[in-house]
Structure formats: C-alpha cells, structure tokens
$ cat data_10.txt   # compact mmCIF, C-alpha atoms
# COMPACT_ATOMS: atom_id res chain seq x y z
CA MET X 1 0.00 0.00 0.00
CA THR X 2 1.43 3.37 -1.06
CA THR X 3 0.77 6.39 1.10
CA THR X 4 1.02 9.86 -0.37
CA ALA X 5 2.40 12.47 1.99
CA LEU X 6 0.16 15.49 2.39
CA ARG X 7 0.95 19.08 3.14
CA THR X 8 -1.37 21.80 4.34
CA VAL X 9 -1.46 25.17 2.61
CA THR X 10 -3.43 28.23 3.65
CA VAL X 11 -5.37 29.89 0.85
CA ARG X 12 -6.47 33.52 1.25
CA TYR X 13 -9.05 35.00 -1.10
CA PHE X 14 -9.48 38.66 -2.00
CA ALA X 15 -12.25 40.73 -3.64
CA ALA X 16 -14.23 38.74 -6.26
CA ALA X 17 -12.41 35.51 -5.37
CA LYS X 18 -13.49 35.95 -1.74
CA ALA X 19 -17.10 36.55 -2.80
CA ALA X 20 -17.12 33.53 -5.14
CA ALA X 21 -15.53 31.21 -2.55
CA GLY X 22 -17.84 32.45 0.19
CA ARG X 23 -14.94 32.80 2.61
CA ASP X 24 -11.75 34.76 3.01
CA THR X 25 -9.43 31.91 3.96
CA GLU X 26 -9.24 28.14 4.17
CA SER X 27 -6.73 25.38 4.81
CA VAL X 28 -6.31 22.83 2.05
CA GLU X 29 -4.48 19.50 2.25
CA VAL X 30 -2.68 18.62 -0.97
CA PRO X 31 -0.23 15.87 -1.89
CA ASP X 32 3.50 16.63 -1.81
CA GLY X 33 4.56 17.96 -5.19
CA THR X 34 1.32 19.85 -5.83
CA THR X 35 1.78 22.82 -8.13
CA VAL X 36 0.01 26.17 -8.05
CA ALA X 37 -1.94 25.10 -11.16
CA ALA X 38 -3.04 21.84 -9.51
CA LEU X 39 -4.12 23.75 -6.40
CA GLY X 40 -6.25 25.95 -8.66
CA ASP X 41 -7.90 22.84 -10.11
CA THR X 42 -8.60 21.52 -6.61
CA LEU X 43 -10.13 24.83 -5.53
CA ALA X 44 -12.28 25.02 -8.68
CA GLU X 45 -13.64 21.52 -7.99
CA ARG X 46 -14.29 22.41 -4.36
CA HIS X 47 -16.12 25.70 -4.98
CA GLY X 48 -17.90 25.13 -8.31
CA PRO X 49 -18.20 26.65 -11.77
CA GLU X 50 -18.75 30.31 -10.80
CA PHE X 51 -15.65 30.23 -8.65
CA ALA X 52 -13.73 28.51 -11.49
CA ARG X 53 -14.65 31.41 -13.81
CA VAL X 54 -13.30 33.94 -11.31
CA LEU X 55 -10.22 31.82 -10.65
CA ALA X 56 -9.35 31.74 -14.36
CA ARG X 57 -8.67 35.50 -14.19
CA CYS X 58 -6.73 35.45 -10.92
CA SER X 59 -3.05 35.72 -10.16
CA TYR X 60 -1.33 34.13 -7.18
CA LEU X 61 1.20 34.95 -4.54
CA VAL X 62 2.98 32.15 -2.68
CA ASP X 63 4.44 33.31 0.61
CA GLU X 64 4.07 36.92 -0.63
CA VAL X 65 5.98 36.31 -3.89
CA ALA X 66 4.22 36.63 -7.27
CA VAL X 67 3.87 33.33 -9.10
CA ARG X 68 5.18 33.53 -12.66
CA ASP X 69 5.25 29.76 -13.28
CA PRO X 70 1.99 27.90 -12.53
CA GLN X 71 4.03 24.67 -12.33
CA ARG X 72 5.78 25.95 -9.20
CA VAL X 73 5.57 23.31 -6.45
CA LEU X 74 3.99 24.51 -3.24
CA PRO X 75 6.22 24.36 -0.17
CA GLU X 76 5.03 22.97 3.17
CA ALA X 77 2.85 25.43 5.10
CA ALA X 78 2.66 27.83 2.14
CA VAL X 79 0.32 30.78 2.21
CA VAL X 80 -1.30 31.25 -1.20
CA ASP X 81 -3.06 34.52 -1.98
CA VAL X 82 -5.66 34.42 -4.77
CA LEU X 83 -5.91 37.85 -6.36
CA PRO X 84 -8.46 38.78 -9.01
CA PRO X 85 -7.65 41.67 -11.33
CA PHE X 86 -8.10 44.97 -9.56
CA ALA X 87 -9.44 48.12 -11.14
CA GLY X 88 -8.45 51.46 -9.84
CA GLY X 89 -6.76 54.66 -10.52
$ encode --input "data_10.txt" --output "structure tokens"
Amino acid sequence: MTTTALRTVTVRYFAAAKAAAGRDTESVEVPDGTTVAALGDTLAERHGPEFARVLARCSYLVDEVAVRDPQRVLPEAAVVDVLPPFAGG
C-alpha cells in the first residue's frame, strides 16, 4: 500500500475571489509535489463553476511572492493569496 504524503497550505481570497468562494481563507491538504496550477484545479472543484470562472482570471502569490510559473511546487505550510484583477486609478 502506497501512502502519499500530504501538506497543508493556507489559501487567502481577495475581492471577487473571496465573494465567489464564500470565505476569506481556508486550509487545504494537498499531496507533496502539488503545483500552483493543480491547487487551482482543486479549488475550482471544491467551490464550483462560478468560482472557477473567477479563478481563471486570478493571479497568485505564494508566501508573498508573485507566481510567474503555474508549475511551481507549493512548499510545506505555504500561504497562497488568490488575487483577481483589480481596477483602480
């Protein structure tokens, strides 16, 4: 029997992502080696199609650093910020 090690990441939602998720933060257990893109897929499955539409326009920070490569592997105890596009001036 093979056991996959899990890690817990904290996901924080802002603006439209927060509204679509119905919460501002949550803890998510993911397998070791999970990428930012795979976390996005997990969150979309968890929160449904409206959230997935919002998520498709979002950018991410991992431990306060902008994610340029969606294949970046999440470190243990990472804090992932989900940021929709902001308008302003």
$ closest_residue --input "data_10.txt" --among "X:Pro49, X:Gly40, X:Leu83, X:Asp63" --to "X:Lys18" --atoms "all atoms listed in the file"
X:Leu83
$ residues_around --input "data_10.txt" --residues "X:Phe86" --least-positions-apart "4" --cutoff "10 Å" --atoms "all atoms listed in the file" --output "VMD selection string"
chain X and resid 14 to 16 58
$ closest_residue --input "data_10.txt" --among "X:Asp81, X:Glu45, X:Asp24, X:Glu76" --to "X:Leu61" --atoms "only C-alpha atoms"
X:Asp81
$ residues_around --input "data_10.txt" --residues "stretch 3-12 of chain X" --least-positions-apart "5" --cutoff "6 Å" --atoms "all atoms listed in the file" --output "list in words"
Asp24, Thr25, Glu26, Ser27, Val28, Glu29, Val30, Pro31, Asp32, Glu76, Ala77, Ala78, Val79, Val80 and Asp81 of chain X
$ atom_distance --input "data_10.txt" --atom1 "atom CA of X:Val82" --atom2 "atom CA of X:Leu55"
7.9 Å
$ residues_around --input "data_10.txt" --residues "X:Asp69" --least-positions-apart "6" --cutoff "12 Å" --atoms "all atoms listed in the file" --output "list in words"
Thr35, Val36, Ala37, Ser59, Tyr60, Leu61 and Val62 of chain X
$ write_last_selection --input "data_10.txt" --atoms "C-alpha atoms" --output "compact mmCIF listing (two decimals), in the coordinates of the input"
# COMPACT_ATOMS: atom_id res chain seq x y z
CA THR X 35 1.78 22.82 -8.13
CA VAL X 36 0.01 26.17 -8.05
CA ALA X 37 -1.94 25.10 -11.16
CA SER X 59 -3.05 35.72 -10.16
CA TYR X 60 -1.33 34.13 -7.18
CA LEU X 61 1.20 34.95 -4.54
CA VAL X 62 2.98 32.15 -2.68
$ closest_residue --input "data_10.txt" --among "X:Pro84, X:Phe51, X:Glu64, X:Leu74" --to "X:Leu39" --atoms "only C-alpha atoms"
X:Leu74
$ closest_residue --input "data_10.txt" --among "X:Pro85, X:Arg57, X:Pro70, X:His47" --to "X:Ala21" --atoms "all atoms listed in the file"
X:His47
$ closest_residue --input "data_10.txt" --among "X:Val54, X:Gln71, X:Asp41, X:Arg46" --to "X:Ala17" --atoms "all atoms listed in the file"
X:Val54
$ closest_residue --input "data_10.txt" --among "X:Thr34, X:Ala44, X:Arg72, X:Gly22" --to "X:Ala56" --atoms "all atoms listed in the file"
X:Ala44
